[in-house]
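Note: the block below is run-v8.txt and it holds compact mmCIF, C-alpha atoms and all ligand atoms.
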# COMPACT_ATOMS: atom_id res chain seq x y z
CA MET A 1375 128.91 163.02 -173.23
CA ARG A 1376 125.57 162.42 -174.89
CA VAL A 1377 122.54 160.28 -174.14
CA LEU A 1378 120.01 159.57 -176.89
CA LEU A 1379 116.61 158.18 -175.94
CA ILE A 1380 115.05 156.47 -178.95
CA THR A 1381 111.33 156.00 -178.59
CA GLY A 1382 108.13 155.57 -180.60
CA LYS A 1383 105.14 153.29 -181.04
CA GLY A 1384 105.60 149.51 -181.13
CA GLY A 1385 107.24 148.13 -184.25
CA VAL A 1386 108.14 151.45 -185.91
CA GLY A 1387 111.87 150.70 -186.00
CA LYS A 1388 113.22 151.93 -182.64
CA THR A 1389 115.65 149.08 -182.19
CA THR A 1390 116.89 149.33 -185.77
CA VAL A 1391 117.44 153.10 -185.44
CA SER A 1392 119.13 152.72 -182.05
CA ALA A 1393 121.51 150.04 -183.28
CA ALA A 1394 122.26 151.89 -186.54
CA THR A 1395 122.93 155.14 -184.65
CA ALA A 1396 125.32 153.32 -182.34
CA VAL A 1397 127.24 151.63 -185.17
CA HIS A 1398 127.55 154.91 -187.05
CA ALA A 1399 128.77 156.78 -183.97
CA ALA A 1400 131.31 154.07 -183.15
CA ASP A 1401 132.59 154.17 -186.74
CA ARG A 1402 133.12 157.90 -186.28
CA GLY A 1403 135.28 157.22 -183.25
CA TYR A 1404 132.88 157.71 -180.35
CA ARG A 1405 133.02 155.21 -177.52
CA THR A 1406 129.44 154.04 -177.77
CA LEU A 1407 127.11 151.91 -175.70
CA VAL A 1408 123.70 150.89 -176.98
CA MET A 1409 121.35 149.50 -174.37
CA SER A 1410 117.86 148.15 -174.37
CA THR A 1411 115.30 148.08 -171.63
CA ASP A 1412 113.10 145.72 -173.57
CA PRO A 1413 112.89 142.24 -172.06
CA ALA A 1414 112.35 140.80 -175.56
CA HIS A 1415 116.08 140.88 -176.38
CA SER A 1416 115.44 142.68 -179.63
CA LEU A 1417 118.86 144.36 -179.70
CA GLY A 1418 120.35 140.90 -179.87
CA ASP A 1419 118.07 140.16 -182.82
CA ALA A 1420 119.11 143.38 -184.58
CA PHE A 1421 122.82 142.59 -184.26
CA GLN A 1422 122.19 138.86 -184.55
CA LEU A 1423 124.34 138.34 -181.50
CA ASP A 1424 123.77 137.26 -177.94
CA PHE A 1425 124.59 139.61 -175.16
CA GLY A 1426 123.54 139.90 -171.59
CA ASP A 1427 123.09 142.25 -168.71
CA HIS A 1428 126.60 143.70 -168.93
CA PRO A 1429 128.11 145.78 -171.72
CA THR A 1430 129.40 143.34 -174.30
CA ALA A 1431 131.90 144.46 -176.95
CA ILE A 1432 130.64 144.14 -180.52
CA GLN A 1433 133.43 145.88 -182.36
CA ASP A 1434 135.95 148.63 -181.64
CA ARG A 1435 134.40 151.29 -179.42
CA LEU A 1436 130.97 149.67 -179.60
CA ALA A 1437 129.27 147.72 -176.82
CA ALA A 1438 125.70 146.59 -176.25
CA GLN A 1439 123.78 145.78 -173.12
CA GLN A 1440 120.42 144.18 -172.60
CA ILE A 1441 119.23 145.09 -169.14
CA ASN A 1442 117.81 142.34 -167.01
CA SER A 1443 115.44 144.34 -164.88
CA GLN A 1444 114.10 141.40 -162.86
CA GLN A 1445 117.52 140.81 -161.41
CA ARG A 1446 117.94 144.48 -160.59
CA ILE A 1447 114.57 144.71 -158.89
CA GLU A 1448 115.64 141.83 -156.70
CA GLU A 1449 118.88 143.59 -155.75
CA SER A 1450 117.50 146.87 -154.56
CA TRP A 1451 113.81 146.47 -153.94
CA GLY A 1452 113.86 143.04 -152.30
CA GLU A 1453 114.15 144.44 -148.79
CA VAL A 1454 111.25 146.83 -149.21
CA ARG A 1455 109.14 144.21 -150.90
CA ASP A 1456 109.53 141.73 -148.07
CA ALA A 1457 108.23 144.28 -145.58
CA LEU A 1458 105.28 145.13 -147.79
CA THR A 1459 104.46 141.44 -148.22
CA GLU A 1460 104.42 141.06 -144.44
CA PHE A 1461 102.06 143.99 -144.20
CA PHE A 1462 99.69 142.64 -146.86
CA ASP A 1463 99.74 139.25 -145.19
CA TRP A 1464 98.54 140.85 -142.01
CA SER A 1465 95.76 142.70 -143.84
CA GLY A 1466 94.51 139.44 -145.32
CA LEU A 1467 95.75 139.98 -148.84
CA LYS A 1468 97.71 136.96 -149.92
CA GLY A 1469 99.24 135.21 -152.83
CA ILE A 1470 99.76 136.57 -156.25
CA GLU A 1471 97.66 139.73 -155.79
CA ALA A 1472 99.71 140.81 -152.81
CA GLU A 1473 102.87 140.07 -154.69
CA GLU A 1474 101.77 142.22 -157.61
CA LEU A 1475 101.07 145.10 -155.27
CA THR A 1476 104.58 145.11 -153.87
CA VAL A 1477 106.05 145.98 -157.24
CA PHE A 1478 104.62 149.11 -158.71
CA PRO A 1479 104.19 149.52 -162.44
CA GLY A 1480 107.22 150.97 -164.15
CA MET A 1481 109.56 149.62 -161.53
CA ASP A 1482 111.68 147.67 -164.01
CA GLU A 1483 112.11 150.80 -166.08
CA ILE A 1484 113.46 152.77 -163.16
CA PHE A 1485 116.35 150.38 -162.96
CA SER A 1486 117.17 150.94 -166.59
CA LEU A 1487 117.48 154.62 -165.80
CA VAL A 1488 119.73 153.91 -162.85
CA THR A 1489 121.98 151.96 -165.20
CA VAL A 1490 122.03 154.83 -167.72
CA ARG A 1491 123.00 157.25 -164.98
CA ASP A 1492 125.80 155.01 -163.73
CA HIS A 1493 127.24 154.74 -167.22
CA VAL A 1494 127.08 158.52 -167.63
CA ARG A 1495 128.92 158.99 -164.37
CA SER A 1496 131.55 156.39 -165.17
CA GLY A 1497 132.83 158.50 -168.07
CA GLU A 1498 133.53 155.31 -170.01
CA TYR A 1499 131.40 156.28 -172.99
CA ASP A 1500 131.02 159.31 -175.24
CA LEU A 1501 127.56 158.23 -176.31
CA ILE A 1502 124.84 156.11 -174.78
CA VAL A 1503 121.95 155.15 -177.05
CA VAL A 1504 118.90 153.88 -175.18
CA ASP A 1505 116.49 151.74 -177.16
CA CYS A 1506 113.41 152.54 -175.10
CA ALA A 1507 110.25 150.53 -174.61
CA PRO A 1508 107.26 151.63 -176.74
CA THR A 1509 106.04 155.14 -176.12
CA ALA A 1510 103.57 154.75 -173.29
CA GLU A 1511 106.13 153.04 -171.12
CA THR A 1512 108.83 155.54 -171.97
CA LEU A 1513 106.62 158.40 -170.89
CA ARG A 1514 105.87 156.71 -167.64
CA LEU A 1515 109.53 156.00 -167.23
CA LEU A 1516 110.54 159.59 -167.77
CA SER A 1517 107.88 160.95 -165.46
CA LEU A 1518 108.81 158.54 -162.71
CA PRO A 1519 111.66 160.47 -161.13
CA ASP A 1520 109.27 163.41 -160.68
CA VAL A 1521 106.38 161.34 -159.44
CA LEU A 1522 108.58 159.50 -156.98
CA ALA A 1523 110.14 162.72 -155.77
CA TRP A 1524 106.67 164.05 -155.09
CA TYR A 1525 105.69 160.99 -153.08
CA MET A 1526 108.90 160.90 -151.17
CA GLU A 1527 108.74 164.57 -150.25
CA LYS A 1528 105.09 164.43 -149.30
CA MET A 1529 104.97 161.14 -147.46
CA PHE A 1530 108.35 160.07 -146.45
CA PRO A 1531 109.62 162.55 -143.87
CA ILE A 1532 106.28 162.51 -142.13
CA GLY A 1533 105.89 158.78 -142.53
CA ARG A 1534 109.12 158.24 -140.78
CA ARG A 1535 108.36 160.56 -137.92
CA VAL A 1536 104.87 159.18 -137.46
CA ALA A 1537 106.16 155.65 -137.45
CA LYS A 1538 108.60 156.47 -134.67
CA VAL A 1539 105.84 157.81 -132.48
CA VAL A 1540 103.00 155.58 -133.49
CA ARG A 1541 104.64 152.20 -133.80
CA PRO A 1542 105.00 151.50 -130.08
CA VAL A 1543 101.36 152.44 -129.60
CA ILE A 1544 100.07 150.46 -132.55
CA THR A 1545 102.02 147.34 -131.76
CA LYS A 1546 100.41 147.44 -128.31
CA VAL A 1547 96.84 147.59 -129.59
CA THR A 1548 97.03 145.58 -132.82
CA SER A 1549 99.25 143.08 -134.45
CA MET A 1550 99.81 145.37 -137.44
CA PRO A 1551 103.43 145.11 -138.46
CA VAL A 1552 104.30 148.77 -138.88
CA ALA A 1553 107.29 149.11 -141.09
CA ASP A 1554 110.31 149.69 -138.93
CA ASP A 1555 113.33 151.89 -139.50
CA LYS A 1556 114.99 149.16 -141.47
CA VAL A 1557 112.30 149.41 -144.12
CA PHE A 1558 112.37 153.18 -144.20
CA GLU A 1559 116.08 152.98 -144.66
CA ALA A 1560 115.65 150.50 -147.47
CA VAL A 1561 113.15 152.81 -149.16
CA SER A 1562 115.45 155.73 -148.63
CA ARG A 1563 118.42 153.83 -150.07
CA PHE A 1564 116.26 152.89 -153.02
CA TYR A 1565 115.30 156.52 -153.51
CA ASP A 1566 118.91 157.66 -153.27
CA ARG A 1567 119.69 155.35 -156.15
CA LEU A 1568 117.54 157.57 -158.34
CA ASP A 1569 119.60 160.60 -157.44
CA GLY A 1570 120.81 162.56 -160.45
CA ILE A 1571 118.69 160.77 -163.06
CA ARG A 1572 116.36 163.69 -163.62
CA GLU A 1573 119.29 166.11 -163.90
CA ILE A 1574 120.99 164.02 -166.58
CA LEU A 1575 117.88 163.37 -168.64
CA SER A 1576 116.56 166.91 -168.59
CA ASP A 1577 119.88 168.52 -169.44
CA PRO A 1578 119.66 169.19 -173.18
CA ASP A 1579 123.46 169.32 -173.43
CA ILE A 1580 123.50 165.68 -172.43
CA THR A 1581 120.18 164.11 -173.35
CA SER A 1582 117.97 164.33 -176.44
CA ALA A 1583 114.97 162.19 -177.21
CA ARG A 1584 114.47 161.06 -180.80
CA LEU A 1585 111.02 160.02 -181.92
CA VAL A 1586 110.78 157.24 -184.47
CA MET A 1587 107.60 156.98 -186.50
CA ASN A 1588 106.25 155.62 -189.76
CA PRO A 1589 104.32 157.70 -192.29
CA GLU A 1590 101.00 156.43 -190.95
CA LYS A 1591 98.20 158.36 -189.35
CA MET A 1592 97.94 156.66 -185.96
CA VAL A 1593 101.68 156.36 -185.55
CA ILE A 1594 102.18 160.08 -186.16
CA ALA A 1595 99.32 160.94 -183.81
CA GLU A 1596 100.98 158.98 -181.04
CA ALA A 1597 104.40 160.50 -181.73
CA ARG A 1598 102.88 163.98 -181.49
CA ARG A 1599 101.27 163.15 -178.18
CA THR A 1600 104.59 161.88 -176.91
CA TYR A 1601 106.25 165.08 -178.07
CA THR A 1602 103.74 167.10 -176.08
CA TYR A 1603 104.28 165.11 -172.93
CA LEU A 1604 108.05 165.01 -173.19
CA GLY A 1605 107.94 168.78 -173.51
CA LEU A 1606 105.66 169.03 -170.51
CA PHE A 1607 108.08 167.01 -168.41
CA GLY A 1608 110.98 169.16 -169.63
CA TYR A 1609 112.72 166.75 -172.00
CA MET A 1610 114.09 167.94 -175.33
CA VAL A 1611 113.36 166.20 -178.59
CA ASP A 1612 116.00 166.87 -181.22
CA ALA A 1613 114.84 164.67 -184.09
CA ALA A 1614 111.79 163.06 -185.60
CA ILE A 1615 112.80 160.04 -187.65
CA VAL A 1616 110.28 158.94 -190.24
CA ASN A 1617 111.08 155.34 -191.05
CA ARG A 1618 109.84 153.15 -193.93
CA VAL A 1619 109.33 155.98 -196.40
CA LEU A 1620 108.72 154.52 -199.88
CA PRO A 1621 111.84 155.29 -201.92
CA ALA A 1622 111.60 157.16 -205.22
CA ALA A 1623 112.93 154.07 -206.99
CA VAL A 1624 109.62 152.33 -206.37
CA ASP A 1625 107.67 153.57 -209.40
CA ASP A 1626 105.34 150.59 -209.57
CA SER A 1627 101.77 151.78 -210.19
CA TYR A 1628 100.63 149.54 -207.33
CA PHE A 1629 102.53 151.78 -204.93
CA ALA A 1630 101.67 155.10 -206.57
CA ARG A 1631 98.64 155.53 -204.33
CA TRP A 1632 100.70 154.63 -201.28
CA ARG A 1633 103.24 157.25 -202.17
CA GLU A 1634 100.50 159.87 -202.37
CA ILE A 1635 99.19 158.82 -198.96
CA GLN A 1636 102.68 158.96 -197.47
CA LYS A 1637 103.17 162.43 -198.95
CA GLY A 1638 100.17 163.65 -196.96
CA HIS A 1639 101.51 162.10 -193.79
CA LEU A 1640 104.97 163.56 -194.32
CA ALA A 1641 103.37 167.00 -194.52
CA ALA A 1642 101.59 166.30 -191.22
CA VAL A 1643 104.96 165.46 -189.70
CA GLU A 1644 106.35 168.83 -190.86
CA GLU A 1645 103.46 170.61 -189.13
CA GLY A 1646 103.50 168.58 -185.96
CA PHE A 1647 107.27 168.76 -185.51
CA ALA A 1648 107.88 172.27 -186.78
CA ASP A 1649 110.85 172.95 -184.52
CA VAL A 1650 112.44 169.51 -184.67
CA ALA A 1651 114.97 168.17 -187.19
CA ILE A 1652 113.14 165.68 -189.40
CA GLN A 1653 115.00 162.72 -190.88
CA HIS A 1654 113.61 160.29 -193.42
CA LEU A 1655 114.65 156.68 -193.70
CA ARG A 1656 113.54 154.64 -196.65
CA LEU A 1657 111.83 151.29 -196.59
CA PHE A 1658 114.64 148.88 -197.42
CA ASP A 1659 114.08 145.83 -199.55
CA GLU A 1660 114.98 143.46 -196.71
CA GLU A 1661 115.08 143.30 -192.92
CA MET A 1662 117.96 145.43 -191.74
CA VAL A 1663 119.63 143.07 -189.27
CA GLY A 1664 123.28 142.27 -188.70
CA ILE A 1665 126.03 144.84 -188.22
CA GLU A 1666 126.72 145.47 -191.92
CA ARG A 1667 123.11 146.30 -192.75
CA LEU A 1668 122.83 148.42 -189.61
CA ARG A 1669 125.92 150.30 -190.76
CA GLN A 1670 124.16 151.02 -194.04
CA VAL A 1671 121.07 152.27 -192.20
CA GLY A 1672 123.30 154.55 -190.14
CA LEU A 1673 124.97 155.94 -193.26
CA GLU A 1674 121.66 156.67 -194.93
CA LEU A 1675 120.22 158.18 -191.79
CA PHE A 1676 123.09 160.50 -190.94
CA GLY A 1677 125.11 160.97 -194.10
CA ASP A 1678 127.74 163.55 -193.19
CA SER A 1679 126.09 164.71 -190.00
CA ASP A 1680 127.32 163.65 -186.61
CA PRO A 1681 124.79 161.47 -184.77
CA THR A 1682 125.88 162.91 -181.43
CA ASP A 1683 125.01 166.49 -182.45
CA ARG A 1684 122.07 168.27 -180.92
CA PHE A 1685 120.00 168.62 -184.08
CA SER A 1686 117.47 171.02 -182.55
CA ASP A 1687 115.96 171.97 -179.23
CA GLY A 1688 112.49 170.76 -179.83
CA ARG A 1689 110.06 171.53 -177.11
CA PRO A 1690 106.54 172.27 -178.26
CA PHE A 1691 105.74 174.73 -175.46
CA ARG A 1692 106.29 175.69 -171.84
CA VAL A 1693 103.55 176.27 -169.31
CA GLU A 1694 103.27 178.76 -166.49
CA ASP A 1695 100.58 179.00 -163.83
CA VAL A 1696 99.13 182.48 -163.53
CA GLY A 1697 96.56 182.45 -160.76
CA ASP A 1698 93.91 179.92 -161.77
CA ASP A 1699 94.90 180.21 -165.41
CA VAL A 1700 97.55 178.29 -167.26
CA VAL A 1701 99.61 180.11 -169.84
CA MET A 1702 101.04 178.06 -172.68
CA ILE A 1703 104.10 179.67 -174.23
CA VAL A 1704 104.99 178.75 -177.78
CA ALA A 1705 108.02 180.13 -179.57
CA VAL A 1706 107.00 181.66 -182.91
CA PRO A 1707 110.15 183.33 -184.19
CA LEU A 1708 109.70 185.66 -187.18
CA ALA A 1709 106.09 186.34 -186.29
CA GLU A 1710 104.89 189.91 -186.20
CA ARG A 1711 101.75 191.33 -184.70
CA GLY A 1712 98.72 190.38 -186.72
CA ASP A 1713 100.61 187.60 -188.41
CA VAL A 1714 99.52 184.90 -186.08
CA ASP A 1715 96.32 182.94 -186.35
CA LEU A 1716 95.16 180.49 -183.75
CA MET A 1717 92.62 177.73 -184.28
CA ARG A 1718 91.50 174.97 -182.04
CA HIS A 1719 90.03 171.61 -183.05
CA GLY A 1720 89.34 169.57 -179.94
CA ASN A 1721 92.66 168.78 -178.34
CA GLU A 1722 94.66 170.16 -181.24
CA LEU A 1723 95.87 173.73 -181.51
CA VAL A 1724 96.84 175.01 -184.94
CA ILE A 1725 99.05 178.08 -185.10
CA THR A 1726 99.52 179.79 -188.44
CA VAL A 1727 102.33 182.29 -188.78
CA GLY A 1728 102.41 183.78 -192.27
CA PRO A 1729 102.91 180.82 -194.59
CA TYR A 1730 103.90 178.43 -191.79
CA ARG A 1731 101.55 176.20 -189.91
CA ARG A 1732 102.35 174.27 -186.84
CA SER A 1733 100.03 172.25 -184.74
CA ILE A 1734 100.30 171.11 -181.18
CA ILE A 1735 98.48 168.33 -179.36
CA LEU A 1736 97.26 169.66 -176.03
CA PRO A 1737 97.99 167.66 -172.90
CA ASP A 1738 94.82 166.33 -171.19
CA SER A 1739 95.12 168.92 -168.42
CA LEU A 1740 94.86 171.75 -170.96
CA SER A 1741 92.38 170.22 -173.37
CA ARG A 1742 89.73 170.51 -170.65
CA ARG A 1743 90.31 174.25 -170.47
CA HIS A 1744 89.25 177.11 -172.72
CA VAL A 1745 91.48 179.48 -174.64
CA ARG A 1746 90.84 182.91 -173.17
CA ARG A 1747 93.46 185.08 -174.77
CA ALA A 1748 96.53 184.92 -176.99
CA GLN A 1749 99.28 187.54 -177.05
CA LEU A 1750 102.45 187.83 -179.04
CA VAL A 1751 105.33 188.92 -176.83
CA GLU A 1752 108.88 189.05 -178.14
CA GLY A 1753 108.72 186.12 -180.51
CA GLU A 1754 106.58 184.06 -178.18
CA LEU A 1755 102.90 183.36 -178.33
CA ARG A 1756 101.35 183.37 -174.85
CA ILE A 1757 98.06 181.53 -174.86
CA THR A 1758 95.98 181.79 -171.71
CA PHE A 1759 93.83 178.79 -170.80
CA GLY A 1760 91.10 179.26 -168.21
CA LEU A 1761 88.49 177.00 -166.64
CA GLU A 1762 85.71 179.33 -167.81
CA PRO A 1763 85.37 180.34 -171.49
N1 LIG B 1801 113.37 151.01 -192.98
C1 LIG B 1801 113.23 149.68 -192.85
N2 LIG B 1801 113.24 148.88 -193.96
C2 LIG B 1801 113.10 147.55 -193.85
N3 LIG B 1801 112.95 146.90 -192.68
C3 LIG B 1801 112.91 147.62 -191.56
C4 LIG B 1801 113.06 149.05 -191.58
N4 LIG B 1801 113.00 149.50 -190.30
C5 LIG B 1801 112.83 148.41 -189.52
N5 LIG B 1801 112.77 147.29 -190.27
C6 LIG B 1801 112.54 145.91 -189.79
O1 LIG B 1801 111.29 145.88 -189.11
C7 LIG B 1801 111.34 145.05 -187.96
C8 LIG B 1801 110.91 145.84 -186.72
O2 LIG B 1801 111.87 146.86 -186.48
P1 LIG B 1801 112.40 147.18 -185.00
O3 LIG B 1801 112.62 145.91 -184.26
O4 LIG B 1801 113.54 148.11 -185.15
O5 LIG B 1801 111.13 147.93 -184.43
P2 LIG B 1801 110.86 148.38 -182.91
O6 LIG B 1801 110.22 149.71 -182.97
O7 LIG B 1801 112.11 148.26 -182.13
O8 LIG B 1801 109.82 147.28 -182.44
P3 LIG B 1801 109.36 146.97 -180.92
O9 LIG B 1801 108.36 148.01 -180.58
O10 LIG B 1801 108.77 145.60 -181.04
O11 LIG B 1801 110.57 147.02 -180.07
C9 LIG B 1801 112.75 144.52 -187.89
O12 LIG B 1801 112.77 143.25 -188.45
C10 LIG B 1801 113.56 145.48 -188.75
O13 LIG B 1801 114.68 144.86 -189.36
MG MG B 1802 112.50 147.20 -180.32

Step by step, read the file and then write its structure as structure tokens.
Ligand SMILES: Nc1ncnc2c1ncn2[C@@H]1O[C@H](COP(=O)(O)OP(=O)(O)OP(=O)(O)O)[C@@H](O)[C@H]1O
Ligand SMILES: [Mg+2]
Amino acid sequence: MRVLLITGKGGVGKTTVSAATAVHAADRGYRTLVMSTDPAHSLGDAFQLDFGDHPTAIQDRLAAQQINSQQRIEESWGEVRDALTEFFDWSGLKGIEAEELTVFPGMDEIFSLVTVRDHVRSGEYDLIVVDCAPTAETLRLLSLPDVLAWYMEKMFPIGRRVAKVVRPVITKVTSMPVADDKVFEAVSRFYDRLDGIREILSDPDITSARLVMNPEKMVIAEARRTYTYLGLFGYMVDAAIVNRVLPAAVDDSYFARWREIQKGHLAAVEEGFADVAIQHLRLFDEEMVGIERLRQVGLELFGDSDPTDRFSDGRPFRVEDVGDDVVMIVAVPLAERGDVDLMRHGNELVITVGPYRRSIILPDSLSRRHVRRAQLVEGELRITFGLEP
């Protein structure tokens, strides 16, 4: 069982890559589901078919699903939302603002994850390809199980106990509608629905993220940032897919300069994704929609390789807290003492090992700190970041 999360900046080709991956896998005999969390129904556009909130068969062993998150929010959050609305009403906050506050950002995306988990558990598919929302949302989505767990652990057990004791008192002195057990139970049921999501998505045997990008400066910068944060949250990236690469057949002088520019960007991809499998996909001479064209994209993207394979275990680094310091651990196989050179430009860290260069975008929490020390220990570079230089 494999789950592939396809993400990247807006418009880079996520939906095309997701659909093409799914068609290719189905052709190879895998029972495949491709699903989209994007309300814009773009999967339908890619296949030029209509399908709804339930897996719809497209061909043998291939189904597609466009999640309707609004409907799902209604199903499992409705109860909680009603209680919150009552509370806001009491506090004087009314209308549309209050309504907005009862649904927290990223909510719709949680339900997509619940659906992914349910499909994994059902055992009905060998492969689930998730056409994710553009990067920023995906990151929020993938950090949500952790963030929610934190809130629930910190607030919920106490909240419940306090409510039991305090409610009778409060209802005597004010008219504040303190959420009753029913609401806590609703919240708790909601939370239980998220059970197992984190385990599935952070298990590299099951889930790999694939980053789609174009050979353009800003697009690559964003993909690298995403790579950093996915690594920080413990998700593995197994491929970087560079889409819309000018094919060699374009020898028009008009495009010669463009090809040079792309060459530079492709080198930046090699450096930024040093431990990730890099795949190139050419710019086709037409929009690649409809199942036959998607099949062609899949063939060009994967050739003889199996799209369900784990192409690499890309994770730019791990972090450990050591007292007040944070140690960033980067794998640098083949490096020997004295071989390694470390340079920092703002929030970018460039590591040179012999002839190889790799660079890492620092997460915000580390870019505020200073590099204090770097040691090579058994094929790993341990870089200590402190608050003081
Ligand atoms: N390599 C390519 N050659 C030609 N056309 C392409 C290529 N890749 C994608 N396209 C076309 O570009 C358009 C945008 O691609 P796609 O919808 O896959 O991007 P996306 O990343 O999913 O966008 P969004 O962020 O809006 O969801 C589509 O019309 C698609 O057919
Ligand atoms: Mg899309």

* To one decimal place, how far is atom CA of A:Arg1572 from atom CA of A:Asp1412 in Å? ->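 Atom CA of A:Arg1572 sits 20.8 Å away from atom CA of A:Asp1412.
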
* To do: Using all atoms listed in the file, determine which residues fall within 7 Å of ligand LIG 1801 (chain B), then list them as a count of residues only.
  => 25

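For the atom pair formed by atom CA of A:Leu1640 and atom CA of A:Val1616, the distance is 8.1 Å, given to one decimal.
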
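Candidate residues A:Ala1651, A:Ala1614, A:Ile1484, A:Val1619 were compared for distance to A:Leu1568, and the nearest is A:Ile1484, using all atoms listed in the file.
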
* To do: Using only C-alpha atoms, pick whichever of A:Phe1564, A:Phe1647, A:Tyr1601, A:Phe1676 has the shortest atom-to-atom distance to A:Thr1395.
  =>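 Nearest to A:Thr1395: A:Phe1676.
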
* Measuring atom to atom with only C-alpha atoms, identify which of A:Glu1694, A:Leu1379, A:Pro1681, A:Arg1746 is nearest to A:Arg1718. => A:Arg1746

* Two-atom distance - atom CA of A:Ser1410, atom CA of A:Pro1690 (Å) ->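 Going from atom CA of A:Ser1410 over to atom CA of A:Pro1690 covers 26.9 Å.
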
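Using all atoms listed in the file, the nearest neighbour of ligand MG 1802 (chain B) within the list A:Ile1594, A:Ile1574, A:Ala1414, A:Ile1447 is A:Ala1414.
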
* Nearest to ligand MG 1802 (chain B): which of A:Met1409, A:Ala1595, A:Val1377, A:Val1397 is it, counting all atoms listed in the file? ->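 Checking each candidate against ligand MG 1802 (chain B), we get A:Met1409 as the closest.
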
From the coordinates supplied, stretch 1387-1423 of chain A should be written with C-alpha atoms, as a PDB file, in the first residue's frame.
ATOM      1  CA  GLY A1387       1.498  20.831 -13.001  1.00  0.00           C
ATOM      2  CA  LYS A1388       0.457  19.012  -9.805  1.00  0.00           C
ATOM      3  CA  THR A1389      -2.859  17.825 -11.163  1.00  0.00           C
ATOM      4  CA  THR A1390      -1.314  16.690 -14.446  1.00  0.00           C
ATOM      5  CA  VAL A1391       1.431  14.757 -12.630  1.00  0.00           C
ATOM      6  CA  SER A1392      -1.057  13.222 -10.181  1.00  0.00           C
ATOM      7  CA  ALA A1393      -3.398  12.076 -12.928  1.00  0.00           C
ATOM      8  CA  ALA A1394      -0.550  10.785 -15.122  1.00  0.00           C
ATOM      9  CA  THR A1395       0.975   8.878 -12.187  1.00  0.00           C
ATOM     10  CA  ALA A1396      -2.382   7.280 -11.463  1.00  0.00           C
ATOM     11  CA  VAL A1397      -2.998   6.233 -15.083  1.00  0.00           C
ATOM     12  CA  HIS A1398       0.492   4.767 -15.347  1.00  0.00           C
ATOM     13  CA  ALA A1399       0.146   2.828 -12.094  1.00  0.00           C
ATOM     14  CA  ALA A1400      -3.273   1.478 -13.093  1.00  0.00           C
ATOM     15  CA  ASP A1401      -1.854   0.366 -16.457  1.00  0.00           C
ATOM     16  CA  ARG A1402       0.796  -1.543 -14.537  1.00  0.00           C
ATOM     17  CA  GLY A1403      -1.902  -3.383 -12.636  1.00  0.00           C
ATOM     18  CA  TYR A1404      -2.150  -1.440  -9.384  1.00  0.00           C
ATOM     19  CA  ARG A1405      -5.598  -0.723  -8.028  1.00  0.00           C
ATOM     20  CA  THR A1406      -5.308   3.044  -8.010  1.00  0.00           C
ATOM     21  CA  LEU A1407      -7.309   5.936  -6.649  1.00  0.00           C
ATOM     22  CA  VAL A1408      -6.444   9.518  -7.497  1.00  0.00           C
ATOM     23  CA  MET A1409      -8.100  12.134  -5.338  1.00  0.00           C
ATOM     24  CA  SER A1410      -8.097  15.879  -5.200  1.00  0.00           C
ATOM     25  CA  THR A1411      -8.672  18.184  -2.290  1.00  0.00           C
ATOM     26  CA  ASP A1412      -8.960  21.172  -4.566  1.00  0.00           C
ATOM     27  CA  PRO A1413     -12.472  22.635  -4.721  1.00  0.00           C
ATOM     28  CA  ALA A1414     -11.781  23.792  -8.305  1.00  0.00           C
ATOM     29  CA  HIS A1415     -12.496  20.326  -9.756  1.00  0.00           C
ATOM     30  CA  SER A1416      -9.251  20.349 -11.679  1.00  0.00           C
ATOM     31  CA  LEU A1417      -8.930  16.546 -11.721  1.00  0.00           C
ATOM     32  CA  GLY A1418     -12.143  16.479 -13.693  1.00  0.00           C
ATOM     33  CA  ASP A1419     -10.603  18.966 -16.127  1.00  0.00           C
ATOM     34  CA  ALA A1420      -7.451  16.849 -16.470  1.00  0.00           C
ATOM     35  CA  PHE A1421      -9.426  13.699 -17.313  1.00  0.00           C
ATOM     36  CA  GLN A1422     -12.130  15.705 -19.067  1.00  0.00           C
ATOM     37  CA  LEU A1423     -14.707  13.806 -17.080  1.00  0.00           C
TER      38      LEU A1423
END
